[in-house]
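S.K.: Sending over a structure as structure tokens; questions will come in a sec.
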Protein chains: 2
Amino acid sequence: MKPIAESTVRRLSHYLRFLEEFEARGQHTISSGELARLGGTTSAQVRKDLSAFGSFGKRGLGYTVPDLINAIRDILGLQKAWNVIIIGAGKIGAALAQFRGFNERSFNVVGLYDADPAKVGTRLGRVIVRDDDELERDISELKPDIAVVCVPSDAAQAVVDRLVAADIHAILNFASVPLQTPDNVTIRDVNMATELEILAFRLTSGERAD
Amino acid sequence: MKPIAESTVRRLSHYLRFLEEFEARGQHTISSGELARLGGTTSAQVRKDLSAFGSFGKRGLGYTVPDLINAIRDILGLQKAWNVIIIGAGKIGAALAQFRGFNERSFNVVGLYDADPAKVGTRLGRVIVRDDDELERDISELKPDIAVVCVPSDAAQAVVDRLVAADIHAILNFASVPLQTPDNVTIRDVNMATELEILAFRLTSGERAD
DNA sequence: ACTAGCTTGTGAATGATTTCACAAGCTCTA
DNA sequence: TAGAGCTTGTGAAATCATTCACAAGCTAGT
């Protein structure tokens, strides 16, 4: 099996979101063209993305919405529930701990950690803030699958090193510095500053162009 | 001038972050190789990214850190201050309004809006929550450059339509549904669910592979 | 002023991703 | 059963992005 491009995975997640809307509205089938129009891409792209994993449609008819939803959930690994821990109970960590999208369906927040004793013990959403010192012990017990890093930038690398040492293999990083991890750990950066800077660039170069 | 790839812009923002660290530590020059090693890319990539905009280095020596910082800030359009409004003062909107990275340097939060009367009037960070109804009037007065959408998914498209009608050209969307905008509006989606799903996919397919 | 030792900037080559274009297959109607 | 009208799945072509490889140019030491 050839390696799957990140862009493909991202689009599958996108399609899934649309399909869930369609299902909620009771639409039973959908064509690659319709899905493409909504997602701002082309029908060939939609079909190619899916064809890397099998064939899910019926020629002449399109895709059956519930079946395609299931197929994409299988592909993305969303049929099981993943346990997530959040490190850092500041503004962003706290917001994420209470974020619906996290607790729904496939992702359960099972731990929230902070180094500030004043925060330890307070409840945020469904979880109670635990002491940062307990991180390693909890990881070896709870075996969480994914860690979300929401600590200040200057503490982020140290936290990531501890997570890696504790055998975490997937990290979502909200600190605005890029972090070093070994190859067998997947890390994804969500960087507000970068997103705004890309918008600033588009505004700037757009003004030049017009 | 040929169009610039998003990946290039994203890396420039990355380099900028490293360079600021280097400057803080007082290092005066840096080579493309050093910058590449930190950013997890190649020296040729660094040079190609920069070469789309001019030539900023000295052969045999590398780049002067403060000069390169300035050059990248020029490129990204960060030498002016951009005004940002946030729509939705829920958990995420509130966290963003108080987020340091937003208020520092190039991005000023000049407005925060919510439809819930209970929230209107409360202070979050430097701004006071204003009534959603005032959005159009404020936009025509303050002329903000960028809008950040943090409302629930089912309200997001309506908010975006209002922003577009009010002549906003750059939007950062935190709602977990993809939204429709005309071509002359740049919209970027920051989607927690998608990020987690990509991690889940990597964990799933990694387990298959090993 | 010359040589050794770096490093940039950039065409050319390679690799990856997207788009094209069409045969194959399903459904419906007569 | 045959034909019209769709839509999928997929090699081949085209486009886009990254890496290679090297001439050109700077600095420092002699």
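Chains: A, B, ... in order of the structure tokens. Residues: from 1 per chain. Ligands: from 1, in order shown.
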Which residues are close to range 4-14 of chain C, i.e. within 10 Å by only C-alpha atoms (C1' of nucleotides), leaving aside same-chain residues fewer than 5 positions away? Reply as a PyMOL selection string.
M.R.: (chain B and resi 31-33+44+47-48+50-51+54-63) or (chain D and resi 18-29)
S.K.: Which neighbours of Asp74 in chain A fall inside 12 Å, counting only C-alpha atoms (C1' of nucleotides), when residues of the same chain fewer than 6 positions from it are skipped, and could you give them as JSON, numbers by chain?
M.R.: {"A": [12, 13, 16, 53, 54, 67, 68, 80, 106], "B": [197, 200, 201, 204, 205]}
S.K.: One number please: CA of Gly88 in chain A to CA of Gly111 in chain B, in Å, one decimal.
M.R.: 26.8 Å
S.K.: Excluding same-chain residues fewer than 3 positions from DT30 in chain D, what lies within 12 Å of it counting only C-alpha atoms (C1' of nucleotides), as a VMD selection string?
M.R.: chain C and resid 1 to 4
S.K.: Would you please give, as JSON, numbers by chain, all residues of range 8-143 of chain B that DSSP assigns to alpha helix (DSSP H) based on the backbone?
M.R.: {"B": [8, 9, 10, 11, 12, 13, 14, 15, 16, 17, 18, 19, 20, 21, 22, 23, 24, 32, 33, 34, 35, 36, 37, 38, 39, 43, 44, 45, 46, 47, 48, 49, 50, 51, 65, 66, 67, 68, 69, 70, 71, 72, 73, 74, 75, 76, 91, 92, 93, 94, 95, 96, 97, 100, 101, 102, 103, 135, 136, 137, 138, 139, 140, 141, 142]}
